[in-house]
There are 2 protein chains.
Amino acid sequence: MRVKLETRLLGANELIAHNNRTTFSSQGILVINLMSSPGSGKTTILEKTILRLADKIKMVVIEGDLYTDQDAQRIEQQGVKVVQINTEGTCHLDAGMVNHAYQELLSEKPDLLFIENVGNLVCPAEFDLGEDLRVVVISVPEGNDKITKYPLVFQRADAVLVNKIDLLPFTDFDVTKVQKDIGLINPKTKIFLVSARNGDGLEEWIAWLLEQIQAKKTTNRNLE
Amino acid sequence: MRVKLETRLLGANELIAHNNRTTFSSQGILVINLMSSPGSGKTTILEKTILRLADKIKMVVIEGDLYTDQDAQRIEQQGVKVVQINTEGTCHLDAGMVNHAYQELLSEKPDLLFIENVGNLVCPAEFDLGEDLRVVVISVPEGNDKITKYPLVFQRADAVLVNKIDLLPFTDFDVTKVQKDIGLINPKTKIFLVSARNGDGLEEWIAWLLEQIQAKKTTNRNLE
């Protein structure tokens with residue numbers, strides 16, 4: 001019974017996600033779906049990313065949270081336009097929510113839309129939002145076993161940020177094991193070792209983002 | 001549509017949870033539903049708890065995971081009987097899964113059943129498993145804002161373990177703020193500051209557990 005409904009829901013979601021993707025592409029916007037457990041550092045990564053991209057591109061953010069707008073407030077303080085989606089307890093964003101929220105950002109004509117999903121390594125992985133790229137954050141103190149325990153979100157990731165590497169000396173985290181585990185289930189994904197707190201490794205991440213934005217614009221121009 | 005189904009599913013779950021609770025109570029077993037984000041340290045807390053309770057009480061464990069049995073293997077190495085539930089992608093345990101798994105543990109006649117839920121701060125909070133107590137783990141590197149962002153799981157918690165306090169010097173975690181936030185939405189919950197890694201604070205947690213087991217046995221004896 002549950003499976004049937006999930007299939008129906010996912011079917012409807014796919015349709016709206018497809019429409020979102022067409023809309024975003026026609027406007028040459030790169031869209032990133034950012035996912036992680038609660039507390040891996042998604043919002044801090046966004047804050048630091050905004051700081052480093054502010055003079056280069058136009059960026060907007062959709063924030064997903066159960067009830068609060070704490071993260072949206074943090075993003076707004078960085079000077080970018082942000083729309084908050086409160087899922088009222090639902091454990092993931094869906095394409096319809098994103099479609100609705102994006103109407104408020106249309107006039108911004110952004111180069112990059114970041115969608116920060118609800119903090120959860122399970123449910124968000126199943127729902128296509130119409131994004132171009134899926135980026136997953138894991139953090140050093142979460143431990144080595146997250147890749148094998150929550151495989152779906154990593155299988156579908158275009159990039160994985162291993163955050164809080166400043167805590168490596170104080171944990172048993174094994175970077176090589178995690179890189180190997182990701183490589184086994186998703187050899188094409190890019191892996192970035194970063195500390196959003198002190199800025200380590202963020203240059204490579206920013207350079208990759210700028211490449212992706214450029215690639216999207218080139219594809220879009222060729223299609224016109 | 002979704003809401004209706006969730007209500008139906010929750011209704012069926014409540015019924016099985018009630019049956020579980022009656023069964024557990026008739027046998028004088030204390031049952032604890034252990035919940036947290038991925039990587040907060042549930043399994044390490046269980047390992048250390050087993051070590052400290054091994055000569056005092058009989059304990060069994062039900063392990064919830066999406067696909068793997070890594071945590072069950074870790075628990076088994078501590079010498080207690082454990083049953084693994086693989087939810088095959090479902091983001092929480094439900095009462096039916098627990099009912100089914102418990103059949104394999106019946107003959108153990110335990111004093112304490114620990115149910116380690118799927119790593120997720122959202123979905124597990126909604127599903128009663130028939131437990132006596134709900135214990136939620138948060139860890140220091142997850143940050144200060146988890147209580148207000150994921151309120152349901154904390155509103156329904158009988159105890160909260162703040163784990164990884166050995167990382168306090170290397171993060172911005174504010175213990176006083178978190179204690180205050182928990183107190184605001186759930187003033188009766190017990191809060192334990194622990195490091196499963198180095199053992200700090202575990203004595204208070206173990207003492208509380210033994211009190212709860214004793215209280216359950218006393219209630220049960222008075223009912224007979």
# chains A, B, ... in the order shown; residues from 1 in each chain; ligands from 1

call {"tool": "closest_atom_pairs", "arguments": {"of": "chain B", "to": "chain A", "cutoff": "9 Å", "atoms": "only C-alpha atoms", "output": "JSON lines"}}
result
{"residue": "B:Arg2", "atom": "CA", "partner": "A:Leu5", "partner_atom": "CA", "distance": 8.0}
{"residue": "B:Leu5", "atom": "CA", "partner": "A:Arg2", "partner_atom": "CA", "distance": 8.0}
{"residue": "B:Glu6", "atom": "CA", "partner": "A:Arg2", "partner_atom": "CA", "distance": 9.0}
{"residue": "B:Leu9", "atom": "CA", "partner": "A:Arg2", "partner_atom": "CA", "distance": 8.1}
{"residue": "B:Ser37", "atom": "CA", "partner": "A:Ser37", "partner_atom": "CA", "distance": 6.4}
{"residue": "B:Pro38", "atom": "CA", "partner": "A:Ser37", "partner_atom": "CA", "distance": 6.4}
{"residue": "B:Gly39", "atom": "CA", "partner": "A:Glu142", "partner_atom": "CA", "distance": 3.9}
{"residue": "B:Ser40", "atom": "CA", "partner": "A:Glu142", "partner_atom": "CA", "distance": 6.4}
{"residue": "B:Gly41", "atom": "CA", "partner": "A:Glu142", "partner_atom": "CA", "distance": 7.9}
{"residue": "B:Asp65", "atom": "CA", "partner": "A:Lys149", "partner_atom": "CA", "distance": 7.3}
{"residue": "B:Leu66", "atom": "CA", "partner": "A:Lys149", "partner_atom": "CA", "distance": 6.8}
{"residue": "B:Tyr67", "atom": "CA", "partner": "A:Lys149", "partner_atom": "CA", "distance": 6.6}
{"residue": "B:Thr68", "atom": "CA", "partner": "A:Lys149", "partner_atom": "CA", "distance": 6.0}
{"residue": "B:Asp69", "atom": "CA", "partner": "A:Lys149", "partner_atom": "CA", "distance": 8.8}
{"residue": "B:Gln70", "atom": "CA", "partner": "A:Lys149", "partner_atom": "CA", "distance": 8.1}
{"residue": "B:Gly89", "atom": "CA", "partner": "A:Val122", "partner_atom": "CA", "distance": 7.3}
{"residue": "B:Thr90", "atom": "CA", "partner": "A:Val122", "partner_atom": "CA", "distance": 7.9}
{"residue": "B:Cys91", "atom": "CA", "partner": "A:Val122", "partner_atom": "CA", "distance": 6.0}
{"residue": "B:Gly119", "atom": "CA", "partner": "A:Leu121", "partner_atom": "CA", "distance": 8.2}
{"residue": "B:Asn120", "atom": "CA", "partner": "A:Asn120", "partner_atom": "CA", "distance": 6.2}
{"residue": "B:Leu121", "atom": "CA", "partner": "A:Asn120", "partner_atom": "CA", "distance": 7.4}
{"residue": "B:Val122", "atom": "CA", "partner": "A:Cys91", "partner_atom": "CA", "distance": 6.0}
{"residue": "B:Cys123", "atom": "CA", "partner": "A:Cys91", "partner_atom": "CA", "distance": 6.6}
{"residue": "B:Ser139", "atom": "CA", "partner": "A:Pro141", "partner_atom": "CA", "distance": 8.9}
{"residue": "B:Pro141", "atom": "CA", "partner": "A:Pro141", "partner_atom": "CA", "distance": 6.8}
{"residue": "B:Glu142", "atom": "CA", "partner": "A:Gly39", "partner_atom": "CA", "distance": 3.9}
{"residue": "B:Gly143", "atom": "CA", "partner": "A:Gly39", "partner_atom": "CA", "distance": 6.0}
{"residue": "B:Asn144", "atom": "CA", "partner": "A:Gly39", "partner_atom": "CA", "distance": 8.9}
{"residue": "B:Asp145", "atom": "CA", "partner": "A:Gly39", "partner_atom": "CA", "distance": 8.4}
{"residue": "B:Lys146", "atom": "CA", "partner": "A:Pro38", "partner_atom": "CA", "distance": 7.4}
{"residue": "B:Thr148", "atom": "CA", "partner": "A:Thr68", "partner_atom": "CA", "distance": 7.4}
{"residue": "B:Lys149", "atom": "CA", "partner": "A:Thr68", "partner_atom": "CA", "distance": 6.0}
{"residue": "B:Tyr150", "atom": "CA", "partner": "A:Leu66", "partner_atom": "CA", "distance": 7.0}
{"residue": "B:Pro151", "atom": "CA", "partner": "A:Tyr67", "partner_atom": "CA", "distance": 8.7}
{"residue": "B:Leu152", "atom": "CA", "partner": "A:Gly89", "partner_atom": "CA", "distance": 8.5}
{"residue": "B:Lys164", "atom": "CA", "partner": "A:Pro141", "partner_atom": "CA", "distance": 8.8}
{"residue": "B:Asp166", "atom": "CA", "partner": "A:Phe170", "partner_atom": "CA", "distance": 8.6}
{"residue": "B:Leu167", "atom": "CA", "partner": "A:Phe170", "partner_atom": "CA", "distance": 7.3}
{"residue": "B:Phe170", "atom": "CA", "partner": "A:Leu167", "partner_atom": "CA", "distance": 7.3}
{"residue": "B:Thr171", "atom": "CA", "partner": "A:Leu167", "partner_atom": "CA", "distance": 8.8}

call {"tool": "residues_around", "arguments": {"residues": "range 76-80 of chain B", "least_positions_apart": "4", "cutoff": "8 Å", "atoms": "only C-alpha atoms", "output": "MDAnalysis selection string"}}
result
chainID B and resid 47 50:51 59:61 72

call {"tool": "write_last_selection", "arguments": {"atoms": "C-alpha atoms", "output": "PDB file, in the first residue's frame"}}
result
ATOM      1  CA  GLU B  47      28.445  -0.463  22.687  1.00  0.00           C
ATOM      2  CA  ILE B  50      26.385  -2.817  26.944  1.00  0.00           C
ATOM      3  CA  LEU B  51      29.912  -2.960  28.398  1.00  0.00           C
ATOM      4  CA  MET B  59      19.976  -6.729  27.392  1.00  0.00           C
ATOM      5  CA  VAL B  60      18.979  -7.314  23.749  1.00  0.00           C
ATOM      6  CA  VAL B  61      19.047  -4.986  20.740  1.00  0.00           C
ATOM      7  CA  ALA B  72      24.308  -5.202  14.227  1.00  0.00           C
TER       8      ALA B  72
END

call {"tool": "select_by_dssp", "arguments": {"residues": "chain A", "states": "alpha helix (DSSP H)", "output": "PyMOL selection string"}}
result
chain A and resi 2-26+42-53+70-76+95-102+146-149+151-155+175-185+202-223

call {"tool": "residues_around", "arguments": {"residues": "Glu131 in chain A", "least_positions_apart": "6", "cutoff": "8 Å", "atoms": "only C-alpha atoms", "output": "number ranges by chain"}}
result
A: 17, 20-21, 30-33

call {"tool": "write_last_selection", "arguments": {"atoms": "C-alpha atoms", "output": "CSV table (one decimal), in the first residue's frame"}}
result
chain,number,residue,atom,x,y,z
A,17,ALA,CA,10.6,18.1,-11.9
A,20,ASN,CA,11.2,22.8,-13.6
A,21,ARG,CA,14.3,21.5,-15.4
A,30,LEU,CA,22.5,26.2,-13.1
A,31,VAL,CA,20.4,24.5,-10.3
A,32,ILE,CA,22.0,22.6,-7.4
A,33,ASN,CA,20.2,20.4,-4.9

call {"tool": "residues_around", "arguments": {"residues": "Ala95 in chain B", "least_positions_apart": "6", "cutoff": "7 Å", "atoms": "only C-alpha atoms", "output": "VMD selection string"}}
result
chain B and resid 13 16 to 17 128 to 130

call {"tool": "write_last_selection", "arguments": {"atoms": "C-alpha atoms", "output": "PDB file, in the first residue's frame"}}
result
ATOM      1  CA  ASN B  13       0.928   1.595  13.480  1.00  0.00           C
ATOM      2  CA  ILE B  16       0.492  -2.628  16.633  1.00  0.00           C
ATOM      3  CA  ALA B  17       2.504  -0.311  18.910  1.00  0.00           C
ATOM      4  CA  ASP B 128       5.394   4.826  18.074  1.00  0.00           C
ATOM      5  CA  LEU B 129       7.121   1.434  18.299  1.00  0.00           C
ATOM      6  CA  GLY B 130       5.569   0.430  21.627  1.00  0.00           C
TER       7      GLY B 130
END

call {"tool": "select_by_dssp", "arguments": {"residues": "chain B", "states": "strand (DSSP E)", "output": "PyMOL selection string"}}
result
chain B and resi 30-36+59-65+81-86+112-116+133-139+159-163+190-193

call {"tool": "write_last_selection", "arguments": {"atoms": "N, CA and C atoms", "output": "compact mmCIF listing (two decimals), in the first residue's frame"}}
result
# COMPACT_ATOMS: atom_id res chain seq x y z
N LEU B 30 11.93 -3.28 29.91
CA LEU B 30 12.00 -1.86 29.57
C LEU B 30 12.45 -1.74 28.12
N VAL B 31 11.71 -0.94 27.35
CA VAL B 31 12.02 -0.81 25.92
C VAL B 31 12.35 0.65 25.60
N ILE B 32 13.49 0.85 24.96
CA ILE B 32 13.95 2.20 24.63
C ILE B 32 14.13 2.35 23.12
N ASN B 33 13.53 3.40 22.58
CA ASN B 33 13.64 3.75 21.16
C ASN B 33 14.71 4.83 21.04
N LEU B 34 15.83 4.49 20.41
CA LEU B 34 17.00 5.38 20.35
C LEU B 34 17.06 6.04 18.98
N MET B 35 17.01 7.36 18.95
CA MET B 35 16.91 8.08 17.68
C MET B 35 17.96 9.18 17.58
N SER B 36 18.39 9.46 16.36
CA SER B 36 19.30 10.59 16.09
C SER B 36 19.52 10.75 14.60
N MET B 59 20.36 -7.74 28.38
CA MET B 59 19.98 -6.73 27.39
C MET B 59 19.95 -7.35 25.99
N VAL B 60 19.01 -6.92 25.17
CA VAL B 60 18.98 -7.31 23.75
C VAL B 60 18.79 -6.06 22.90
N VAL B 61 19.08 -6.17 21.62
CA VAL B 61 19.05 -4.99 20.74
C VAL B 61 18.34 -5.32 19.42
N ILE B 62 17.51 -4.39 18.96
CA ILE B 62 17.00 -4.43 17.58
C ILE B 62 17.66 -3.28 16.84
N GLU B 63 18.30 -3.59 15.72
CA GLU B 63 19.03 -2.59 14.95
C GLU B 63 18.24 -2.23 13.69
N GLY B 64 17.96 -0.95 13.49
CA GLY B 64 17.29 -0.50 12.26
C GLY B 64 18.29 0.16 11.33
N ASP B 65 18.32 -0.28 10.08
CA ASP B 65 19.17 0.33 9.08
C ASP B 65 18.51 0.18 7.72
N LYS B 81 22.52 -10.43 22.18
CA LYS B 81 21.73 -10.91 21.06
C LYS B 81 21.13 -9.69 20.32
N VAL B 82 21.22 -9.68 19.00
CA VAL B 82 20.75 -8.54 18.23
C VAL B 82 20.01 -9.04 16.99
N VAL B 83 18.92 -8.37 16.63
CA VAL B 83 18.22 -8.67 15.38
C VAL B 83 18.28 -7.44 14.49
N GLN B 84 18.66 -7.65 13.26
CA GLN B 84 18.76 -6.54 12.29
C GLN B 84 17.44 -6.39 11.52
N ILE B 85 16.94 -5.17 11.45
CA ILE B 85 15.83 -4.87 10.52
C ILE B 85 16.41 -4.02 9.40
N ASN B 86 16.26 -4.46 8.16
CA ASN B 86 16.63 -3.60 7.02
C ASN B 86 15.35 -3.05 6.43
N LEU B 112 16.03 -5.42 29.33
CA LEU B 112 16.10 -4.17 28.57
C LEU B 112 16.21 -4.49 27.09
N LEU B 113 15.32 -3.86 26.30
CA LEU B 113 15.41 -3.96 24.83
C LEU B 113 15.72 -2.56 24.29
N PHE B 114 16.86 -2.44 23.63
CA PHE B 114 17.19 -1.19 22.96
C PHE B 114 16.83 -1.33 21.49
N ILE B 115 16.09 -0.36 20.95
CA ILE B 115 15.79 -0.34 19.51
C ILE B 115 16.54 0.84 18.91
N GLU B 116 17.55 0.56 18.10
CA GLU B 116 18.27 1.66 17.44
C GLU B 116 17.57 1.96 16.12
N LEU B 133 10.36 4.38 26.61
CA LEU B 133 11.10 5.63 26.65
C LEU B 133 11.70 5.95 25.29
N ARG B 134 11.72 7.21 24.97
CA ARG B 134 12.39 7.68 23.76
C ARG B 134 13.65 8.43 24.16
N VAL B 135 14.75 8.03 23.61
CA VAL B 135 16.02 8.69 23.90
C VAL B 135 16.59 9.23 22.59
N VAL B 136 16.92 10.52 22.58
CA VAL B 136 17.45 11.15 21.37
C VAL B 136 18.91 11.54 21.61
N VAL B 137 19.75 11.26 20.62
CA VAL B 137 21.15 11.66 20.70
C VAL B 137 21.38 12.83 19.75
N ILE B 138 22.00 13.89 20.24
CA ILE B 138 22.56 14.90 19.33
C ILE B 138 24.04 14.98 19.65
N SER B 139 24.82 15.41 18.67
CA SER B 139 26.26 15.48 18.94
C SER B 139 26.75 16.90 18.73
N ALA B 159 14.68 11.40 27.29
CA ALA B 159 16.05 11.79 27.62
C ALA B 159 16.77 12.21 26.34
N VAL B 160 17.68 13.16 26.49
CA VAL B 160 18.53 13.59 25.38
C VAL B 160 19.98 13.41 25.79
N LEU B 161 20.73 12.68 24.98
CA LEU B 161 22.17 12.58 25.20
C LEU B 161 22.88 13.54 24.26
N VAL B 162 23.61 14.48 24.83
CA VAL B 162 24.45 15.37 24.03
C VAL B 162 25.82 14.70 23.97
N ASN B 163 26.12 14.11 22.82
CA ASN B 163 27.30 13.25 22.67
C ASN B 163 28.49 14.04 22.06
N LYS B 190 15.30 14.46 30.59
CA LYS B 190 16.62 14.41 31.22
C LYS B 190 17.67 14.71 30.17
N ILE B 191 18.69 15.48 30.51
CA ILE B 191 19.76 15.77 29.57
C ILE B 191 21.09 15.23 30.13
N PHE B 192 21.78 14.45 29.31
CA PHE B 192 23.08 13.90 29.73
C PHE B 192 24.16 14.42 28.78
N LEU B 193 25.20 14.97 29.32
CA LEU B 193 26.35 15.41 28.50
C LEU B 193 27.38 14.29 28.54

call {"tool": "closest_residue", "arguments": {"among": "B:Pro110, B:Arg221, B:Arg52, B:Phe127", "to": "Gly199 in chain B", "atoms": "only C-alpha atoms"}}
result
B:Arg52

call {"tool": "closest_residue", "arguments": {"among": "B:Asn117, B:Val194, B:Asp111, B:Val178", "to": "Ala54 in chain B", "atoms": "only C-alpha atoms"}}
result
B:Asp111

call {"tool": "closest_residue", "arguments": {"among": "A:Ser195, A:Thr189, A:Gly183, A:Ala125", "to": "Leu168 in chain A", "atoms": "only C-alpha atoms"}}
result
A:Ser195

call {"tool": "atom_distance", "arguments": {"atom1": "CA of Lys180 in chain B", "atom2": "CA of Ile213 in chain B"}}
result
27.9 Å

call {"tool": "atom_distance", "arguments": {"atom1": "CA of Gln214 in chain A", "atom2": "CA of Leu105 in chain A"}}
result
20.7 Å

call {"tool": "atom_distance", "arguments": {"atom1": "CA of Phe173 in chain A", "atom2": "CA of Thr44 in chain B"}}
result
14.2 Å
